[in-house]
Each structure stands twice: as C-alpha cells, then as structure tokens.
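**Q** Take this structure, written in structure tokens, and hold onto it; I'll ask about it next.
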Amino acid sequence: MTTRVERAPLAVLGGRPTFREPRHVGAPNVPPAGALERRLAGALRRRRLTNDGPLVQEFEAAVSRRLGVRHCIATCNATSGLMVLARALELSGEVIMPSFTFPGTAHAMRWLGLQPIFCDVDRASHTLDAATVAEAIGERTSAILGVHVWGRPCDTEALGDIAGRHGVELIFDAAPAFDCGRHGVKIGNHGRAEVVSFHATKVLNTFEGGAILTNDDELAERIRPMITFGFVDEDVVVGLGINAKMSEAAAAMGLAQLEQLPATIATNRAHHTRYRARLEELPGVAVVDYPNAAEANFHYVVLEIEPDVAPIDRDMLKRVLEAERVLARRYFFPGCHRMAPYAAERSTAGELPITEWLAARVLQLPTGTALAAEDVEAICTLVSRAFEDAELLRASLS
Ligand code: T4K
C-alpha cells in the first residue's frame with residue numbers, strides 16, 4: 001500500500017505563500033558596497049551636483065567606449081531622450097512604431113504632437129515586422145521608430161532598407177537593450193540614433209536615466225545644447241531646449257554598475273538557463289530565447305503560454321504566482337493601441353494580430369541579481385505545481 005503525502009496547498013487556494021518578501025520583475029541591480037558612496041562623496045566634496053559634471057562626462061565616455069559609438073549624450077531618462085531626438089531630427093506628421101512596447105515609446109512622440117502609427121510585430125522576434133512597416137508608410141511619415149523589445153534587436157537591415165527607400169528617418173528605442181548587439185554591432189550604432197534607458201528596472205541603472213547614442217557628429221552637436229535649455233555658453237542660447245540632463249548622482253550610480261555589468265549579465269544568463277530547463281518541459285510553455293548569447297543581456301525572462309495547450313492560462317498563472325508573492329508581469333498588455341489616448345484615435349496600420357496574440361500570452365518572471373538561484377528553482381516549482389493542480393485551480397478560481 002502506498003501512502004499519499006499531502007502537499008501544502010498553493011497560497012491562492014489557502015496555503016502559506018512561498019516567499020515572505022515579494023520577488024519583483026525589475027528589482028534593481030545595485031553596485032557593490034562603497035562603489036557608489038565613494039563617487040558620491042567626491043561629488044559632494046567638489047560641490048558639483050549636475051550640469052555636465054565630471055561624473056557625467058566620465059560615464060558618457062565609458063558608455064561610448066563600451067558600445068563603440070562616437071557620441072553618448074546622457075539624459076535624465078529615456079523618454080526625454082526620445083523626445084529630444086525627435087525634436088533634433090525635426091520629425092513631423094506620423095511616426096511608425098510597434099504597439100507592442102511600453103507606452104513611453106508612443107507618449108514621447110505624441111507629447112510633441114507627432115502621431116504614432118502602430119504596426120504589427122514579428123511572431124518570432126516580437127519586434128517591428130518590416131513588411132507591415134513598408135505598407136504603413138505614407139506621405140505624412142517622417143520616421144520609423146523600432147523598439148528592441150526584451151533587448152533583442154530589431155531587423156535593423158530590413159528597416160534600414162525601407163527607411164532609405166522612402167527617405168524617412170530610422171531611430172530606435174533601445175530602452176531595454178543596453179550592451180546588446182546584432183551581428184557584431186552593439187546597440188547604439190544602428191539607424192540614425194538609438195536611445196537606451198538606465199531606469200532602476202533596467203540591466204544597468206542610474207536610478208533614473210537614459211542616453212542618446214549616435215555616430216552622427218552633426219546630430220550630436222545639435223542635441224547637446226537641446227538637453228540643457230539650448231545653452232552653448234554662459235548666456236548664449238542657440239535654440240529651443242529643455243532640461244533633460246543627467247545628474248552627478250545618477251552618473252555615479254552608472255559608473256559603479258558598469259564595473260560589474262559582466263557579472264550581472266552572467267547572473268541573468270544563469271537564471272535564464274535554469275528557467276528554460278525547468279519550464280520548457282511544461283505543455284504550452286515557451287521561454288523566449290536569446291539566439292546569440294554573446295550579444296544579449298538576458299535581462300528579461302519571458303514566457304509565452306499557449307492557452308489551448310497549457311492546462312491553465314497566463315492570467316491564472318499570474319494570479320497563482322502573485323499569491324505566492326512572485327510578482328510576474330504581463331508587459332506589454334494590452335498594447336499601446338488599446339490604451340488612452342490611442343484607442344480613441346485612428347492610430348493603427350490595419351489589424352495587429354500578432355500584437356494581440358502576444359499580449360494575451362506573454363508573462364515575465366523575476367530575474368536579476370536580487371534573485372538567488374534557489375528562488376528561480378522555487379518559482380519553477382510553483383509554475384509546475386500550478387500546472388499539476390490546474391483542475392482544482394479552475395474549479396476554485398474561475
Ligand atoms: N521604452 C521602452 C521600451 C521601455 O521599456 C521604457 C521603460 C521606456 C521606453 C521609458 O524609459 P524611461 O523613460 O523610464 O527611462 C517599468 C519602468 O518604470 C519603465 O522604465 C520600464 N520601461 C518598464 C518596462 O518597466 P512599470 O510601470 O512597470 O514600473 P513599476 O513601478 O511597476 O516597476 C516595475 C517592477 O519593478 C515592480 O514590480 C517593482 C519593481 N521595482 C521598481 C522600481 C522602480 C523595484 O523593485 N524597485 C524599484 O526601484 O514600468
């Protein structure tokens with residue numbers, strides 16, 4: 001006779017949560033003790049806190065070197081960077097972009113009075129589908145704005161061809177793609193310019209921050225004064241500018257984190273490998289891969305959950321995990337085209353079937369240096385448990 005060992009129920013069914021403290025998607029990576037403090041002490045001693053201070057200059061130079069890009073203009077965040085870039089390029093009318101992105105991409109353009117036109121994404125890469133972009137280009141199009149979703153680069157060559165043929169600008173929202181690359185060329189070197197984010201939730205953070213990256217000397221020269229009210233000298237303003245500067249404290253954080261970036265990426269990669277090994281065995285689950293490991297930052301663990309195959313759907317799994325204090329996210333649900341103000345506008349270039357498909361299926365799981373390997377194992381065990389208890393969950397929660 002076999003004895004059945006009773007397992008504690010999942011938290012969503014009344015059991016005790018697995019984690020005492022929440023496990024977040026986007027928990028910040030932090031520098032080793034002292035690395036930030038030492039630099040901050042220098043800034044305080046110098047009493048130089050912002051406005052193109054020495055730490056910002058050092059950070060910009062270090063980023064330029066690392067990415068092999070001629071110009072890095074550090075900003076207070078990526079959204080402002082995108083706005084300044086659009087202004088510097090004198091964009092007008094419509095800007096083609098994916099709907100499957102963070103609303104910041106679209107808002108940055110709309111805030112300037114430009115009209116986002118949302119195109120569909122490619123099923124495999126989750127980035128702009130060049131064929132739908134080609135169809136959406138019209139007389140009012142001034143730019144294509146690709147987004148390197150999950151740090152996986154867009155098809156920069158195909159988009160470059162289309163932009164060239166139609167005489168429109170090609171720029172990239174590279175917010176999640178710091179230190180990633182495509183075919184041996186690092187992010188920062190594609191299109192006319194690219195904008196990365198150094199937000200707290202990114203692979204490298206400056207608390208809040210971003211940077212405009214370009215190899216175009218003339219464009220960089222135009223952008224520099226634009227992030228600081230148009231000033232080129234004490235009382236010389238050469239044009240319309242805004243305040244989009246990075247502070248010394250932010251640059252100190254960035255410098256402190258650059259030192260450990262390879263270790264951070266190695267941790268991300270180990271977590272990703274562990275998640276894949278455990279979760280891809282489950283029916284209806286695919287873990288988004290980074291085909292060229294040497295050019296990825298592995299900063300996102302993204303599941304695609306096929307509702308017709310998996311025993312529970314994405315939203316039920318999210319609920320199960322939340323009860324265990326694993327705060328999975330469903331970026332970029334429901335897609336910008338279904339958010340205000342765009343839902344009420346004619347902002348899509350036709351149907352967006354892949355965007356809708358992805359928005360109903362993707363789920364991001366925690367990763368990064370805040371997470372231990374045992375945490376990853378425990379999260380995988382929870383997902384497996386949820387699949388095993390699917391019938392009970394459906395009966396209790398539907
Ligand atoms: N383009 C793209 C493609 C982007 O992904 C983003 C930003 C942008 C443009 C704009 O870049 P920035 O202008 O921000 O530089 C978060 C981030 O706030 C946002 O920067 C990021 N994308 C996006 C993907 O994620 P929310 O609205 O989900 O933030 P929130 O507050 O819900 O935080 C996410 C999770 O991270 C939470 O579960 C808690 C955790 N967290 C967050 C912060 C700030 C922490 O554990 N500690 C923290 O300090 O957008």
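Residue names in the structure tokens use chain letters A, B, ... in the order shown, residue numbers from 1 in each chain, and ligand numbers from 1 in the order shown.
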Show me which residues line ligand 1, defined as having an atom within 7 Å of a ligand atom where only C-alpha atoms and all ligand atoms count, and present them as a PyMOL selection string.
**A** chain A and resi 24-28+77-80+101-102+104-105+147+149+173-176+197-201+208-210+327+331
**Q** May I have the residues within 6 Å of stretch 305-314 of chain A as a PDB file with C-alpha atoms, in the first residue's frame, using only C-alpha atoms and disregarding those fewer than 3 positions away in the same chain?
**A**
ATOM      1  CA  PRO A 283       2.959  21.779 -22.033  1.00  0.00           C
ATOM      2  CA  GLY A 284       2.161  25.000 -23.882  1.00  0.00           C
ATOM      3  CA  VAL A 285       5.089  26.950 -22.394  1.00  0.00           C
ATOM      4  CA  LEU A 317      -0.787  31.561 -13.597  1.00  0.00           C
ATOM      5  CA  ARG A 361       0.157  35.107 -23.868  1.00  0.00           C
ATOM      6  CA  PHE A 387       0.017  23.111 -13.918  1.00  0.00           C
ATOM      7  CA  ALA A 390      -4.907  23.043 -12.897  1.00  0.00           C
TER       8      ALA A 390
END
**Q** Residues at most 9 Å from A:Ser384, counting only C-alpha atoms, excluding those fewer than 5 positions away in the same chain, as JSON, numbers by chain?
**A** {"A": [278, 279, 282, 379, 389]}
**Q** Name the residues of stretch 158-220 of chain A that come out as helix (DSSP H, G or I) in a backbone DSSP run; write them as a VMD selection string.
**A** chain A and resid 158 to 166 217 to 220
**Q** When distances are computed from only C-alpha atoms, which of A:Glu259, A:Glu351, A:Glu356, A:Glu322 shows the smallest separation from A:Phe19?
**A**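 Going through A:Glu259, A:Glu351, A:Glu356, A:Glu322 one by one, the smallest distance to A:Phe19 is for A:Glu322.
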**Q** Please identify all polymer residues within 10 Å of A:Arg66, counting only C-alpha atoms, omitting same-chain residues fewer than 6 positions from it, and present them as a list of chain:residue names.
**A**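 In the requested format, the answer is A:Glu60, A:Asp179, A:Lys186, A:Leu258.
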**Q** Could the residues in this selection be written to a file with all heavy atoms, as a compact mmCIF listing (two decimals), in the first residue's frame?
**A**
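Everything below was put into out01.txt:
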# COMPACT_ATOMS: atom_id res chain seq x y z
N GLU A 60 29.62 59.09 -19.71
CA GLU A 60 29.39 59.14 -21.17
C GLU A 60 30.57 58.53 -21.93
O GLU A 60 30.38 57.75 -22.88
CB GLU A 60 29.17 60.59 -21.63
CG GLU A 60 27.85 61.18 -21.15
CD GLU A 60 27.61 62.61 -21.62
OE1 GLU A 60 28.59 63.31 -21.98
OE2 GLU A 60 26.45 63.04 -21.62
N ASP A 179 24.01 47.19 -23.88
CA ASP A 179 25.08 46.19 -24.03
C ASP A 179 24.70 45.02 -24.95
O ASP A 179 25.46 44.07 -25.07
CB ASP A 179 25.54 45.64 -22.68
CG ASP A 179 27.03 45.26 -22.72
OD1 ASP A 179 27.81 46.08 -23.22
OD2 ASP A 179 27.38 44.15 -22.29
N LYS A 186 27.20 46.65 -31.69
CA LYS A 186 26.48 46.91 -30.45
C LYS A 186 25.31 47.87 -30.68
O LYS A 186 25.37 48.74 -31.57
CB LYS A 186 27.43 47.56 -29.43
CG LYS A 186 28.43 46.58 -28.84
CD LYS A 186 27.97 46.06 -27.50
CE LYS A 186 29.11 45.34 -26.78
NZ LYS A 186 28.62 44.46 -25.72
N LEU A 258 28.66 49.89 -14.03
CA LEU A 258 29.37 49.44 -15.25
C LEU A 258 30.45 48.42 -14.90
O LEU A 258 30.67 47.46 -15.62
CB LEU A 258 30.01 50.64 -15.94
CG LEU A 258 29.31 51.24 -17.15
CD1 LEU A 258 30.12 52.40 -17.72
CD2 LEU A 258 29.02 50.22 -18.23
